[in-house]
$ cat query39.tsv   # TSV, C-alpha atoms
chain	number	residue	atom	x	y	z
A	1	MET	CA	-63.47	-2.21	-158.76
A	2	THR	CA	-61.78	-0.46	-155.81
A	3	SER	CA	-58.15	-0.93	-154.76
A	4	ASP	CA	-59.45	-3.29	-152.08
A	5	GLY	CA	-61.06	-5.49	-154.68
A	6	ASP	CA	-64.66	-4.42	-153.88
A	7	ILE	CA	-67.07	-4.15	-156.76
A	8	LEU	CA	-68.99	-0.86	-156.86
A	9	GLN	CA	-71.83	-0.04	-159.18
A	10	HIS	CA	-71.33	3.03	-161.36
A	11	ARG	CA	-74.65	4.59	-160.29
A	12	TRP	CA	-73.62	4.52	-156.62
A	13	ILE	CA	-70.72	6.87	-157.16
A	14	HIS	CA	-71.49	8.69	-160.41
A	15	ASN	CA	-72.50	11.96	-158.71
A	16	ALA	CA	-69.90	11.80	-155.95
A	17	TYR	CA	-67.18	11.53	-158.59
A	18	GLY	CA	-67.49	15.25	-159.46
A	19	ALA	CA	-67.13	16.33	-155.85
A	20	LEU	CA	-64.22	13.95	-155.26
A	21	GLN	CA	-62.49	15.33	-158.34
A	22	GLN	CA	-62.84	18.81	-156.82
A	23	ARG	CA	-61.47	17.66	-153.48
A	24	ALA	CA	-58.45	16.09	-155.16
A	25	SER	CA	-57.81	19.26	-157.18
A	26	PHE	CA	-58.21	21.42	-154.07
A	27	GLN	CA	-55.72	19.34	-152.11
A	28	GLY	CA	-53.36	19.29	-155.08
A	29	LEU	CA	-53.39	23.08	-155.35
A	30	LEU	CA	-52.74	23.45	-151.62
A	31	ARG	CA	-49.81	21.08	-151.81
A	32	ARG	CA	-48.36	22.68	-154.93
A	33	ASP	CA	-47.62	26.03	-153.27
A	34	ARG	CA	-47.31	24.64	-149.73
A	35	GLY	CA	-50.53	26.21	-148.57
A	36	GLN	CA	-49.53	29.78	-149.39
A	37	GLN	CA	-52.59	30.85	-151.32
A	38	ARG	CA	-56.24	29.95	-151.32
A	39	PRO	CA	-57.02	27.63	-154.21
A	40	PHE	CA	-59.46	28.89	-156.81
A	41	LEU	CA	-61.41	26.14	-158.51
A	42	LEU	CA	-64.15	26.29	-161.09
A	43	SER	CA	-65.97	23.06	-161.78
A	44	ARG	CA	-68.90	22.01	-163.94
A	45	SER	CA	-69.41	18.78	-162.10
A	46	PHE	CA	-70.51	18.96	-158.50
A	47	PHE	CA	-72.43	17.28	-155.71
A	48	PHE	CA	-73.14	17.61	-151.99
A	49	GLY	CA	-69.96	18.87	-150.35
A	50	SER	CA	-68.67	20.68	-153.43
A	51	GLN	CA	-69.20	24.03	-151.70
A	52	ARG	CA	-66.15	23.27	-149.55
A	53	TYR	CA	-63.80	23.25	-152.49
A	54	GLY	CA	-64.76	25.87	-154.98
A	55	THR	CA	-67.07	27.55	-157.38
A	56	VAL	CA	-69.55	25.93	-159.69
A	57	ALA	CA	-70.02	26.92	-163.31
A	58	ALA	CA	-73.58	26.06	-164.21
A	59	GLY	CA	-72.81	24.88	-167.71
A	60	SER	CA	-73.20	25.51	-171.42
A	61	ASN	CA	-75.78	28.26	-171.60
A	62	HIS	CA	-76.68	29.84	-174.90
A	63	ALA	CA	-76.46	33.51	-175.72
A	64	LYS	CA	-80.26	33.80	-175.71
A	65	PHE	CA	-82.68	35.77	-173.55
A	66	GLU	CA	-84.42	32.56	-172.41
A	67	ASP	CA	-81.13	31.28	-171.02
A	68	VAL	CA	-80.61	34.48	-169.05
A	69	GLU	CA	-83.97	33.89	-167.39
A	70	LEU	CA	-83.04	30.27	-166.78
A	71	SER	CA	-79.66	31.17	-165.29
A	72	ILE	CA	-81.39	33.12	-162.52
A	73	ASN	CA	-83.58	30.15	-161.61
A	74	MET	CA	-80.59	27.83	-161.57
A	75	LEU	CA	-78.42	30.04	-159.39
A	76	LEU	CA	-81.26	30.61	-156.91
A	77	SER	CA	-81.92	26.86	-156.68
A	78	LEU	CA	-78.22	26.13	-156.23
A	79	GLY	CA	-77.98	28.83	-153.57
A	80	VAL	CA	-80.72	27.40	-151.37
A	81	SER	CA	-79.24	23.92	-151.92
A	82	GLY	CA	-75.97	24.97	-150.29
A	83	ILE	CA	-73.91	25.63	-153.43
A	84	VAL	CA	-73.60	29.37	-152.81
A	85	ASN	CA	-70.60	30.09	-155.04
A	86	ALA	CA	-71.97	29.51	-158.48
A	87	GLY	CA	-72.09	31.37	-161.73
A	88	HIS	CA	-72.87	31.34	-165.43
A	89	ASP	CA	-70.87	32.22	-168.50
A	90	VAL	CA	-71.43	35.89	-169.29
A	91	PRO	CA	-72.60	36.62	-171.99
A	92	GLY	CA	-73.35	32.97	-172.79
A	93	TYR	CA	-71.14	29.97	-173.55
A	94	ALA	CA	-72.52	29.07	-176.95
A	95	GLY	CA	-73.80	31.27	-179.73
A	96	VAL	CA	-73.19	34.88	-180.64
A	97	PRO	CA	-74.87	37.43	-178.34
A	98	GLU	CA	-76.65	40.36	-179.91
A	99	ASP	CA	-75.82	43.80	-178.51
A	100	ASP	CA	-78.78	44.16	-176.13
A	101	LEU	CA	-78.22	40.69	-174.72
A	102	PHE	CA	-74.50	41.28	-174.32
A	103	VAL	CA	-75.05	44.37	-172.18
A	104	GLN	CA	-77.91	42.91	-170.17
A	105	PHE	CA	-75.96	39.75	-169.39
A	106	TYR	CA	-73.07	41.84	-168.06
A	107	GLN	CA	-75.44	43.95	-166.02
A	108	LEU	CA	-77.03	40.88	-164.50
A	109	GLY	CA	-73.55	39.49	-163.76
B	1	MET	CA	-72.50	48.93	-175.61
B	2	GLN	CA	-68.96	48.66	-174.26
B	3	ARG	CA	-69.56	51.63	-172.00
B	4	ALA	CA	-72.65	50.01	-170.46
B	5	ALA	CA	-70.82	46.69	-169.90
B	6	LEU	CA	-67.87	48.55	-168.38
B	7	GLU	CA	-70.18	50.47	-166.06
B	8	ALA	CA	-71.71	47.17	-164.92
B	9	ILE	CA	-68.26	45.75	-164.16
B	10	LYS	CA	-67.29	48.87	-162.20
B	11	GLN	CA	-70.51	48.62	-160.24
B	12	ARG	CA	-69.61	45.07	-159.31
B	13	TYR	CA	-66.09	46.11	-158.27
B	14	ALA	CA	-67.54	48.87	-156.13
B	15	GLN	CA	-69.68	46.27	-154.35
B	16	SER	CA	-66.67	44.03	-153.58
B	17	HIS	CA	-66.77	44.64	-149.83
B	18	TYR	CA	-70.50	44.02	-149.62
B	19	MET	CA	-70.02	40.77	-151.53
B	20	TYR	CA	-66.99	39.70	-149.52
B	21	ASN	CA	-68.89	40.19	-146.28
B	22	LEU	CA	-71.63	37.96	-147.71
B	23	PHE	CA	-69.01	35.34	-148.52
B	24	PHE	CA	-67.69	35.53	-144.97
B	25	GLU	CA	-71.17	35.13	-143.47
B	26	SER	CA	-71.90	32.33	-145.89
B	27	SER	CA	-68.70	30.47	-144.96
B	28	LYS	CA	-69.95	30.40	-141.35
B	29	THR	CA	-73.65	29.71	-141.89
B	30	GLY	CA	-74.14	28.44	-145.46
B	31	LEU	CA	-76.46	31.38	-146.26
B	32	PRO	CA	-76.82	31.87	-150.01
B	33	ILE	CA	-75.33	34.94	-151.73
B	34	VAL	CA	-78.15	35.39	-154.24
B	35	ARG	CA	-81.46	34.50	-152.63
B	36	PRO	CA	-85.02	33.99	-153.79
B	37	MET	CA	-87.37	36.77	-152.62
B	38	TRP	CA	-89.17	34.41	-150.22
B	39	TYR	CA	-85.90	33.76	-148.45
B	40	GLU	CA	-85.77	37.37	-147.24
B	41	PHE	CA	-89.54	37.89	-146.98
B	42	PRO	CA	-91.00	34.60	-145.77
B	43	GLN	CA	-94.05	36.38	-144.26
B	44	ASP	CA	-94.99	37.88	-147.62
B	45	GLU	CA	-96.93	35.40	-149.75
B	46	MET	CA	-96.57	37.66	-152.78
B	47	THR	CA	-92.90	36.68	-152.93
B	48	PHE	CA	-93.53	32.93	-153.23
B	49	ASP	CA	-94.09	32.97	-157.00
B	50	LEU	CA	-91.36	35.41	-157.97
B	51	ASN	CA	-88.78	33.64	-160.16
B	52	HIS	CA	-87.38	36.60	-162.04
B	53	GLN	CA	-86.30	39.09	-159.38
B	54	PHE	CA	-84.06	38.12	-156.49
B	55	MET	CA	-82.11	39.42	-153.51
B	56	PHE	CA	-78.34	39.89	-153.66
B	57	GLY	CA	-77.57	39.52	-149.97
B	58	ASN	CA	-80.20	40.91	-147.64
B	59	ASN	CA	-80.00	44.51	-148.82
B	60	ILE	CA	-79.98	44.65	-152.62
B	61	LEU	CA	-82.96	43.66	-154.75
B	62	VAL	CA	-82.36	42.96	-158.42
B	63	SER	CA	-85.05	42.74	-161.06
B	64	PRO	CA	-82.92	42.33	-164.17
B	65	LYS	CA	-83.69	43.57	-167.64
B	66	ILE	CA	-84.21	40.65	-169.99
B	67	GLY	CA	-85.35	41.43	-173.53
B	68	HIS	CA	-85.12	44.18	-176.08
B	69	PRO	CA	-85.43	47.82	-175.02
B	70	CYS	CA	-88.75	49.04	-176.30
B	71	VAL	CA	-89.93	52.22	-174.69
B	72	GLU	CA	-88.38	55.57	-175.55
B	73	ASN	CA	-88.27	57.79	-172.51
B	74	ALA	CA	-87.67	61.53	-172.86
B	75	ILE	CA	-85.10	61.55	-170.07
B	76	LEU	CA	-83.66	58.05	-169.99
B	77	GLY	CA	-83.58	57.27	-173.73
B	78	ALA	CA	-84.29	53.66	-174.69
B	79	THR	CA	-85.60	51.73	-171.71
B	80	THR	CA	-86.48	48.14	-170.99
B	81	GLU	CA	-89.57	47.18	-169.03
B	82	VAL	CA	-89.05	45.12	-165.91
B	83	GLU	CA	-91.65	43.73	-163.55
B	84	VAL	CA	-90.79	44.35	-159.95
B	85	TYR	CA	-92.38	43.71	-156.61
B	86	LEU	CA	-90.94	45.77	-153.78
B	87	PRO	CA	-92.16	44.26	-150.50
B	88	PRO	CA	-93.97	47.15	-148.75
B	89	THR	CA	-92.70	46.10	-145.32
B	90	SER	CA	-89.43	47.81	-146.29
B	91	GLN	CA	-88.45	51.08	-147.90
B	92	TRP	CA	-86.59	50.90	-151.20
B	93	TYR	CA	-84.13	53.25	-152.88
B	94	ASP	CA	-83.29	53.27	-156.58
B	95	ASN	CA	-79.62	52.31	-156.81
B	96	TYR	CA	-78.90	54.92	-159.49
B	97	SER	CA	-81.06	57.95	-158.75
B	98	LYS	CA	-80.88	57.26	-154.97
B	99	LEU	CA	-84.52	58.33	-154.76
B	100	GLU	CA	-86.94	56.43	-152.60
B	101	VAL	CA	-89.28	54.35	-154.73
B	102	ASP	CA	-92.98	53.92	-153.90
B	103	THR	CA	-94.00	50.41	-152.94
B	104	HIS	CA	-97.24	48.70	-153.97
B	105	GLU	CA	-99.14	45.62	-152.85
B	106	VAL	CA	-98.68	44.21	-156.36
B	107	THR	CA	-96.04	43.77	-159.02
B	108	THR	CA	-95.52	46.93	-161.07
B	109	ILE	CA	-93.82	47.74	-164.36
B	110	MET	CA	-90.73	49.93	-164.28
B	111	HIS	CA	-88.62	51.35	-167.09
B	112	VAL	CA	-84.90	50.83	-166.77
B	113	ALA	CA	-82.38	52.77	-168.88
B	114	ASP	CA	-79.74	51.09	-171.06
B	115	ALA	CA	-76.81	51.89	-168.79
B	116	GLN	CA	-78.68	50.87	-165.64
B	117	GLN	CA	-80.11	47.77	-164.03
B	118	GLY	CA	-83.31	47.26	-162.04
B	119	THR	CA	-81.49	47.45	-158.71
B	120	PHE	CA	-82.98	48.65	-155.43
B	121	VAL	CA	-81.41	49.07	-152.02
B	122	ARG	CA	-83.41	48.25	-148.93
B	123	GLY	CA	-83.98	51.04	-146.44
B	124	GLY	CA	-81.95	50.32	-143.31
B	125	ALA	CA	-78.87	49.24	-145.25
B	126	ILE	CA	-75.33	50.56	-144.89
B	127	LEU	CA	-73.32	49.51	-147.92
B	128	PRO	CA	-69.52	49.75	-147.72
B	129	MET	CA	-68.60	50.70	-151.29
B	130	LEU	CA	-65.04	50.40	-152.60
B	131	ASN	CA	-64.04	53.92	-153.68
B	132	PHE	CA	-61.55	52.48	-156.11
B	133	ASP	CA	-59.03	54.31	-158.22
B	134	ASP	CA	-60.26	54.09	-161.79
B	135	LYS	CA	-56.72	53.71	-163.09
B	136	ALA	CA	-56.01	50.56	-161.09
B	137	GLU	CA	-55.16	47.67	-163.38
B	138	SER	CA	-57.06	45.10	-161.38
B	139	LEU	CA	-59.27	44.75	-158.35
B	140	LEU	CA	-56.30	43.36	-156.38
B	141	HIS	CA	-54.43	46.62	-156.95
B	142	ALA	CA	-57.40	48.61	-155.71
B	143	ILE	CA	-58.46	46.48	-152.75
B	144	GLU	CA	-56.71	48.74	-150.22
B	145	ASP	CA	-58.41	51.84	-151.63
B	146	PRO	CA	-60.79	53.78	-149.35
B	147	VAL	CA	-64.38	52.94	-148.55
B	148	ARG	CA	-67.47	55.05	-149.09
B	149	LEU	CA	-70.29	54.34	-146.68
B	150	GLU	CA	-73.67	54.59	-148.38
B	151	ILE	CA	-76.35	54.85	-145.73
B	152	TYR	CA	-79.96	54.23	-146.79
B	153	SER	CA	-82.18	55.35	-143.91
B	154	ASP	CA	-85.12	53.29	-142.80
B	155	THR	CA	-87.52	56.01	-141.66
B	156	MET	CA	-90.55	53.79	-141.02
B	157	GLY	CA	-89.94	53.55	-137.28
B	158	GLU	CA	-89.69	56.13	-134.52
B	159	HIS	CA	-86.04	56.94	-135.32
B	160	PRO	CA	-84.21	56.69	-138.63
B	161	TYR	CA	-82.09	53.58	-138.69
B	162	ALA	CA	-79.51	51.77	-140.82
B	163	SER	CA	-76.86	49.13	-140.27
B	164	GLY	CA	-74.29	47.19	-142.27
B	165	HIS	CA	-71.15	45.08	-141.94
B	166	LEU	CA	-67.66	45.29	-143.39
B	167	TYR	CA	-65.33	42.30	-143.30
B	168	LEU	CA	-61.62	42.48	-144.15
B	169	ASP	CA	-58.88	39.94	-144.58
B	170	ASP	CA	-55.96	39.40	-146.93
B	171	GLY	CA	-58.12	37.77	-149.59
B	172	GLU	CA	-55.35	35.53	-150.92
B	173	ASN	CA	-53.54	33.67	-148.15
B	174	HIS	CA	-54.83	31.49	-145.31
B	175	ASN	CA	-53.95	33.84	-142.44
B	176	ASN	CA	-57.66	34.58	-141.97
B	177	ARG	CA	-57.82	31.14	-140.35
B	178	HIS	CA	-55.29	32.37	-137.79
B	179	HIS	CA	-57.49	35.35	-136.90
B	180	GLU	CA	-55.84	37.83	-139.28
B	181	ARG	CA	-59.20	39.35	-140.12
B	182	THR	CA	-61.74	41.76	-138.78
B	183	GLN	CA	-65.40	42.56	-139.11
B	184	VAL	CA	-67.11	45.75	-138.02
B	185	ARG	CA	-70.72	46.89	-138.00
B	186	TYR	CA	-71.74	50.45	-138.78
B	187	ASP	CA	-74.92	51.80	-137.21
B	188	TYR	CA	-76.86	54.95	-137.97
B	189	ASP	CA	-79.65	56.25	-135.73
B	190	GLY	CA	-80.53	59.54	-137.40
B	191	LYS	CA	-78.03	61.51	-135.35
B	192	HIS	CA	-74.91	59.37	-135.00
B	193	ILE	CA	-72.82	57.02	-137.07
B	194	LYS	CA	-71.09	54.48	-134.88
B	195	VAL	CA	-68.79	51.53	-135.37
B	196	THR	CA	-68.72	48.28	-133.39
B	197	LYS	CA	-66.32	45.39	-133.78
B	198	SER	CA	-68.59	42.43	-134.43
B	199	ILE	CA	-65.98	39.68	-134.26
B	200	GLY	CA	-63.96	38.34	-131.30
B	201	ASP	CA	-60.92	40.14	-129.85
B	202	GLU	CA	-58.58	37.37	-131.00
B	203	ASN	CA	-59.13	38.68	-134.54
B	204	LEU	CA	-56.75	41.38	-135.66
B	205	TYR	CA	-56.05	42.54	-139.20
B	206	ALA	CA	-53.19	45.04	-139.36
B	207	LYS	CA	-54.22	46.54	-142.69
B	208	ALA	CA	-57.64	47.48	-141.26
B	209	ALA	CA	-55.87	50.35	-139.48
B	210	THR	CA	-54.81	51.90	-142.80
B	211	LYS	CA	-57.99	51.05	-144.66
B	212	ILE	CA	-60.00	54.25	-144.38
B	213	ILE	CA	-63.53	55.52	-144.78
B	214	ASP	CA	-63.05	58.66	-146.87
B	215	GLU	CA	-66.62	59.43	-147.89
B	216	VAL	CA	-70.09	59.08	-146.36
B	217	MET	CA	-73.46	59.52	-148.04
B	218	VAL	CA	-76.64	59.40	-145.99
B	219	PHE	CA	-79.87	59.14	-147.97
B	220	GLY	CA	-83.34	59.84	-146.62
B	221	VAL	CA	-82.39	62.70	-144.27
B	222	GLU	CA	-85.40	65.02	-143.95
B	223	LYS	CA	-83.54	68.29	-143.38
B	224	ALA	CA	-80.06	69.70	-143.64
B	225	PRO	CA	-77.95	69.29	-140.51
B	226	LYS	CA	-76.63	72.54	-138.99
B	227	ARG	CA	-73.25	70.95	-138.49
B	228	VAL	CA	-71.53	67.59	-138.62
B	229	LEU	CA	-68.87	66.65	-136.08
B	230	ASN	CA	-66.09	64.16	-136.64
B	231	LYS	CA	-66.13	62.39	-133.26
B	232	PHE	CA	-63.39	60.03	-134.30
B	233	ALA	CA	-60.95	62.89	-134.99
B	234	MET	CA	-61.94	64.49	-131.67
B	235	GLN	CA	-61.02	61.34	-129.73
B	236	ALA	CA	-57.95	60.52	-131.76
B	237	ASN	CA	-56.37	63.98	-131.62
B	238	ASP	CA	-57.92	65.18	-128.40
B	239	GLN	CA	-58.68	68.49	-130.02
B	240	GLY	CA	-62.33	69.14	-129.25
B	241	ASP	CA	-64.87	69.93	-131.97
B	242	VAL	CA	-63.78	68.88	-135.40
B	243	GLU	CA	-66.42	70.09	-137.77
B	244	VAL	CA	-66.74	68.34	-141.09
B	245	HIS	CA	-67.64	70.18	-144.24
B	246	HIS	CA	-70.93	68.78	-145.53
B	247	VAL	CA	-73.34	69.29	-148.39
B	248	TYR	CA	-77.06	68.62	-148.25
B	249	VAL	CA	-78.77	67.67	-151.50
B	250	GLU	CA	-82.47	68.30	-151.25
B	251	SER	CA	-83.64	66.20	-154.23
B	252	THR	CA	-82.22	62.96	-152.81
B	253	LYS	CA	-82.39	64.09	-149.16
B	254	MET	CA	-78.70	63.30	-148.97
B	255	VAL	CA	-76.02	64.44	-146.56
B	256	HIS	CA	-72.66	64.14	-148.29
B	257	LEU	CA	-69.32	64.13	-146.43
B	258	TRP	CA	-65.91	63.58	-147.97
B	259	HIS	CA	-62.17	64.01	-147.32
B	260	LEU	CA	-62.64	61.94	-144.17
B	261	ARG	CA	-59.86	59.77	-142.78
B	262	ILE	CA	-61.56	57.29	-140.49
B	263	PRO	CA	-59.78	53.91	-140.19
B	264	VAL	CA	-61.92	50.77	-140.30
B	265	ASP	CA	-60.35	49.10	-137.27
B	266	GLU	CA	-57.45	50.73	-135.48
B	267	GLY	CA	-57.60	48.39	-132.50
B	268	LEU	CA	-61.27	48.09	-131.57
B	269	PHE	CA	-62.49	45.68	-128.91
B	270	HIS	CA	-65.27	43.21	-129.47
B	271	ASN	CA	-68.72	44.75	-128.91
B	272	HIS	CA	-67.15	48.07	-127.98
B	273	THR	CA	-68.86	50.92	-129.83
B	274	ILE	CA	-67.29	54.23	-130.75
B	275	ASP	CA	-68.91	57.33	-132.23
B	276	LEU	CA	-67.59	58.34	-135.61
B	277	LEU	CA	-69.82	61.17	-136.77
B	278	GLU	CA	-72.55	63.27	-135.20
B	279	PHE	CA	-75.23	65.33	-136.92
B	280	ASP	CA	-76.59	68.45	-135.21
B	281	PHE	CA	-79.96	69.57	-136.51
$ encode --input "query39.tsv" --output "structure tokens"
Amino acid sequence: MTSDGDILQHRWIHNAYGALQQRASFQGLLRRDRGQQRPFLLSRSFFFGSQRYGTVAAGSNHAKFEDVELSINMLLSLGVSGIVNAGHDVPGYAGVPEDDLFVQFYQLG
Amino acid sequence: MQRAALEAIKQRYAQSHYMYNLFFESSKTGLPIVRPMWYEFPQDEMTFDLNHQFMFGNNILVSPKIGHPCVENAILGATTEVEVYLPPTSQWYDNYSKLEVDTHEVTTIMHVADAQQGTFVRGGAILPMLNFDDKAESLLHAIEDPVRLEIYSDTMGEHPYASGHLYLDDGENHNNRHHERTQVRYDYDGKHIKVTKSIGDENLYAKAATKIIDEVMVFGVEKAPKRVLNKFAMQANDQGDVEVHHVYVESTKMVHLWHLRIPVDEGLFHNHTIDLLEFDF
């Protein structure tokens, strides 16, 4: 229910919630230091319009070679969708990277 | 392992200005930073199915190593195989050896050394590299360090050619929105290196006057120049010919100049071009 008493269905706003959260954080950061510095935001939830407010972290990738391959596909898709500031955890969010993977992930980064 | 990761990080730092210019362009147009191959080569159907390699901006092609090194190479040591398609409508330079790489109509296998990445620079690019002090504690401490222009000649046309942008602003505050910023374009035509302010006159960034180009490398120059003149110093000091010491490296066809002190933007006007360096052959 909104503050005006309207009933909204969850599925109508589920995706927008991430972007609105970013907007609120962005405005909060601006207000906190009276607009001195550019806010830096990293979010894992995002939607159309998120590119105005910050960077996107593409999520819990594993320290595996397949996920390196996948991270390229994801960042390219995000890029042509308008989310140009996006990135992955280097060298993986979950798991323990072996030496070769560790180096190659940094080099790709 | 640490050394290779550190080298990769330094490489990224050195490309800060190239990346920041991409960010600036992207903030105006929405252009992606990393792009699928077809985005840069829409006429080339070969690029439509490439999911592995990509373009970083319009001038750097990356075909990353993914997988265990397998092939021992007498010179490079352990290498990893990467598949790469270099669109033959452009020339390509290896980012590490600076040698021009042959292009093919098909995808080919290349061997990339442990400390390197499958990275290629498009002929016709001028990359403004941050010549940062290795002892700096962070990128922010080094961001006012000098710039090295790396010029990768496109020699497919009648005259050699290369071009590239450099954008500067504070990086932290919002003064860029009040025109405290500048963007210049460097052009190379085989004989001259010129600079043009590519952003409106209302834009002025004071620190661009003390940000200097201290080194220039031109790749793909067929023969050694007899002499190189610093046209900027001639205009600035009104002292006639100022010859610049230069070295020509035959293996990479490179003209190398250093100890230069050419400011990025000391009060340029929009679309006004000035000569910086001249090569006499």
$ residues_around --input "query39.tsv" --residues "segment 102-104 of chain B" --least-positions-apart "4" --cutoff "8 Å" --atoms "all atoms listed in the file" --output "list of chain:residue names"
B:Tyr85, B:Leu86, B:Pro87, B:Pro88, B:Gln91, B:Trp92, B:Thr108
$ interface_residues --input "query39.tsv" --of "chain B" --to "chain A" --cutoff "10 Å" --atoms "all atoms listed in the file" --output "PyMOL selection string"
chain B and resi 1-9+11-12+23+26-27+29-37+39+51-55+62-69+114-119+171-175
$ atom_distance --input "query39.tsv" --atom1 "atom CA of Leu61 of chain B" --atom2 "atom CA of Ala57 of chain A"
22.8 Å
$ residues_around --input "query39.tsv" --residues "Leu166 of chain B" --least-positions-apart "4" --cutoff "7 Å" --atoms "all atoms listed in the file" --output "list in words"
His17, Tyr18, Asn21, Pro128, Gln183, Val184 and Arg185 of chain B
$ residues_around --input "query39.tsv" --residues "Phe26 of chain A" --least-positions-apart "4" --cutoff "9 Å" --atoms "only C-alpha atoms" --output "count of residues only"
9
$ atom_distance --input "query39.tsv" --atom1 "atom CA of Glu180 of chain B" --atom2 "atom CA of Ala208 of chain B"
10.0 Å
$ residues_around --input "query39.tsv" --residues "His259 of chain B" --least-positions-apart "3" --cutoff "10 Å" --atoms "only C-alpha atoms" --output "compact mmCIF listing (two decimals) with C-alpha atoms, keeping the file's coordinate frame"
# COMPACT_ATOMS: atom_id res chain seq x y z
CA ILE B 213 -63.53 55.52 -144.78
CA ASP B 214 -63.05 58.66 -146.87
CA GLU B 215 -66.62 59.43 -147.89
CA VAL B 216 -70.09 59.08 -146.36
CA VAL B 244 -66.74 68.34 -141.09
CA HIS B 245 -67.64 70.18 -144.24
CA ILE B 262 -61.56 57.29 -140.49
$ closest_residue --input "query39.tsv" --among "A:Leu42, A:Leu29, A:Ala63, A:Met1" --to "Gly95 of chain A" --atoms "all atoms listed in the file"
A:Ala63
$ atom_distance --input "query39.tsv" --atom1 "atom CA of Tyr167 of chain B" --atom2 "atom CA of Phe132 of chain B"
16.8 Å
$ closest_residue --input "query39.tsv" --among "B:Val84, B:Val264, B:Ala224, B:Leu140" --to "Thr182 of chain B" --atoms "only C-alpha atoms"
B:Val264
$ build_atoms --input "query39.tsv" --residues "segment 13-30 of chain A" --atoms "N, CA and C atoms" --output "PDB file, keeping the file's coordinate frame"
ATOM      1  N   ILE A  13     -71.755   5.838-157.357  1.00  0.00           N
ATOM      2  CA  ILE A  13     -70.720   6.870-157.160  1.00  0.00           C
ATOM      3  C   ILE A  13     -70.670   7.909-158.266  1.00  0.00           C
ATOM      4  N   HIS A  14     -71.549   7.784-159.267  1.00  0.00           N
ATOM      5  CA  HIS A  14     -71.490   8.690-160.410  1.00  0.00           C
ATOM      6  C   HIS A  14     -71.467  10.163-159.975  1.00  0.00           C
ATOM      7  N   ASN A  15     -72.398  10.555-159.124  1.00  0.00           N
ATOM      8  CA  ASN A  15     -72.500  11.960-158.710  1.00  0.00           C
ATOM      9  C   ASN A  15     -71.354  12.379-157.802  1.00  0.00           C
ATOM     10  N   ALA A  16     -70.966  11.469-156.902  1.00  0.00           N
ATOM     11  CA  ALA A  16     -69.900  11.800-155.950  1.00  0.00           C
ATOM     12  C   ALA A  16     -68.578  12.036-156.668  1.00  0.00           C
ATOM     13  N   TYR A  17     -68.435  11.421-157.857  1.00  0.00           N
ATOM     14  CA  TYR A  17     -67.180  11.530-158.590  1.00  0.00           C
ATOM     15  C   TYR A  17     -66.782  12.986-158.809  1.00  0.00           C
ATOM     16  N   GLY A  18     -67.772  13.826-159.199  1.00  0.00           N
ATOM     17  CA  GLY A  18     -67.490  15.250-159.460  1.00  0.00           C
ATOM     18  C   GLY A  18     -66.933  15.932-158.230  1.00  0.00           C
ATOM     19  N   ALA A  19     -67.564  15.686-157.093  1.00  0.00           N
ATOM     20  CA  ALA A  19     -67.130  16.330-155.850  1.00  0.00           C
ATOM     21  C   ALA A  19     -65.758  15.818-155.422  1.00  0.00           C
ATOM     22  N   LEU A  20     -65.518  14.530-155.634  1.00  0.00           N
ATOM     23  CA  LEU A  20     -64.220  13.950-155.260  1.00  0.00           C
ATOM     24  C   LEU A  20     -63.098  14.511-156.146  1.00  0.00           C
ATOM     25  N   GLN A  21     -63.433  14.710-157.412  1.00  0.00           N
ATOM     26  CA  GLN A  21     -62.490  15.330-158.340  1.00  0.00           C
ATOM     27  C   GLN A  21     -62.106  16.722-157.841  1.00  0.00           C
ATOM     28  N   GLN A  22     -63.104  17.481-157.359  1.00  0.00           N
ATOM     29  CA  GLN A  22     -62.840  18.810-156.820  1.00  0.00           C
ATOM     30  C   GLN A  22     -61.962  18.738-155.586  1.00  0.00           C
ATOM     31  N   ARG A  23     -62.267  17.778-154.718  1.00  0.00           N
ATOM     32  CA  ARG A  23     -61.470  17.660-153.480  1.00  0.00           C
ATOM     33  C   ARG A  23     -60.012  17.356-153.816  1.00  0.00           C
ATOM     34  N   ALA A  24     -59.813  16.446-154.769  1.00  0.00           N
ATOM     35  CA  ALA A  24     -58.450  16.090-155.160  1.00  0.00           C
ATOM     36  C   ALA A  24     -57.716  17.300-155.734  1.00  0.00           C
ATOM     37  N   SER A  25     -58.431  18.075-156.577  1.00  0.00           N
ATOM     38  CA  SER A  25     -57.810  19.260-157.180  1.00  0.00           C
ATOM     39  C   SER A  25     -57.471  20.288-156.110  1.00  0.00           C
ATOM     40  N   PHE A  26     -58.394  20.458-155.167  1.00  0.00           N
ATOM     41  CA  PHE A  26     -58.210  21.420-154.070  1.00  0.00           C
ATOM     42  C   PHE A  26     -56.964  21.053-153.263  1.00  0.00           C
ATOM     43  N   GLN A  27     -56.866  19.785-152.905  1.00  0.00           N
ATOM     44  CA  GLN A  27     -55.720  19.340-152.110  1.00  0.00           C
ATOM     45  C   GLN A  27     -54.426  19.453-152.906  1.00  0.00           C
ATOM     46  N   GLY A  28     -54.522  19.174-154.210  1.00  0.00           N
ATOM     47  CA  GLY A  28     -53.360  19.290-155.080  1.00  0.00           C
ATOM     48  C   GLY A  28     -52.847  20.718-155.148  1.00  0.00           C
ATOM     49  N   LEU A  29     -53.781  21.665-155.269  1.00  0.00           N
ATOM     50  CA  LEU A  29     -53.390  23.080-155.350  1.00  0.00           C
ATOM     51  C   LEU A  29     -52.757  23.547-154.050  1.00  0.00           C
ATOM     52  N   LEU A  30     -53.314  23.084-152.928  1.00  0.00           N
ATOM     53  CA  LEU A  30     -52.740  23.450-151.620  1.00  0.00           C
ATOM     54  C   LEU A  30     -51.307  22.936-151.516  1.00  0.00           C
TER      55      LEU A  30
END
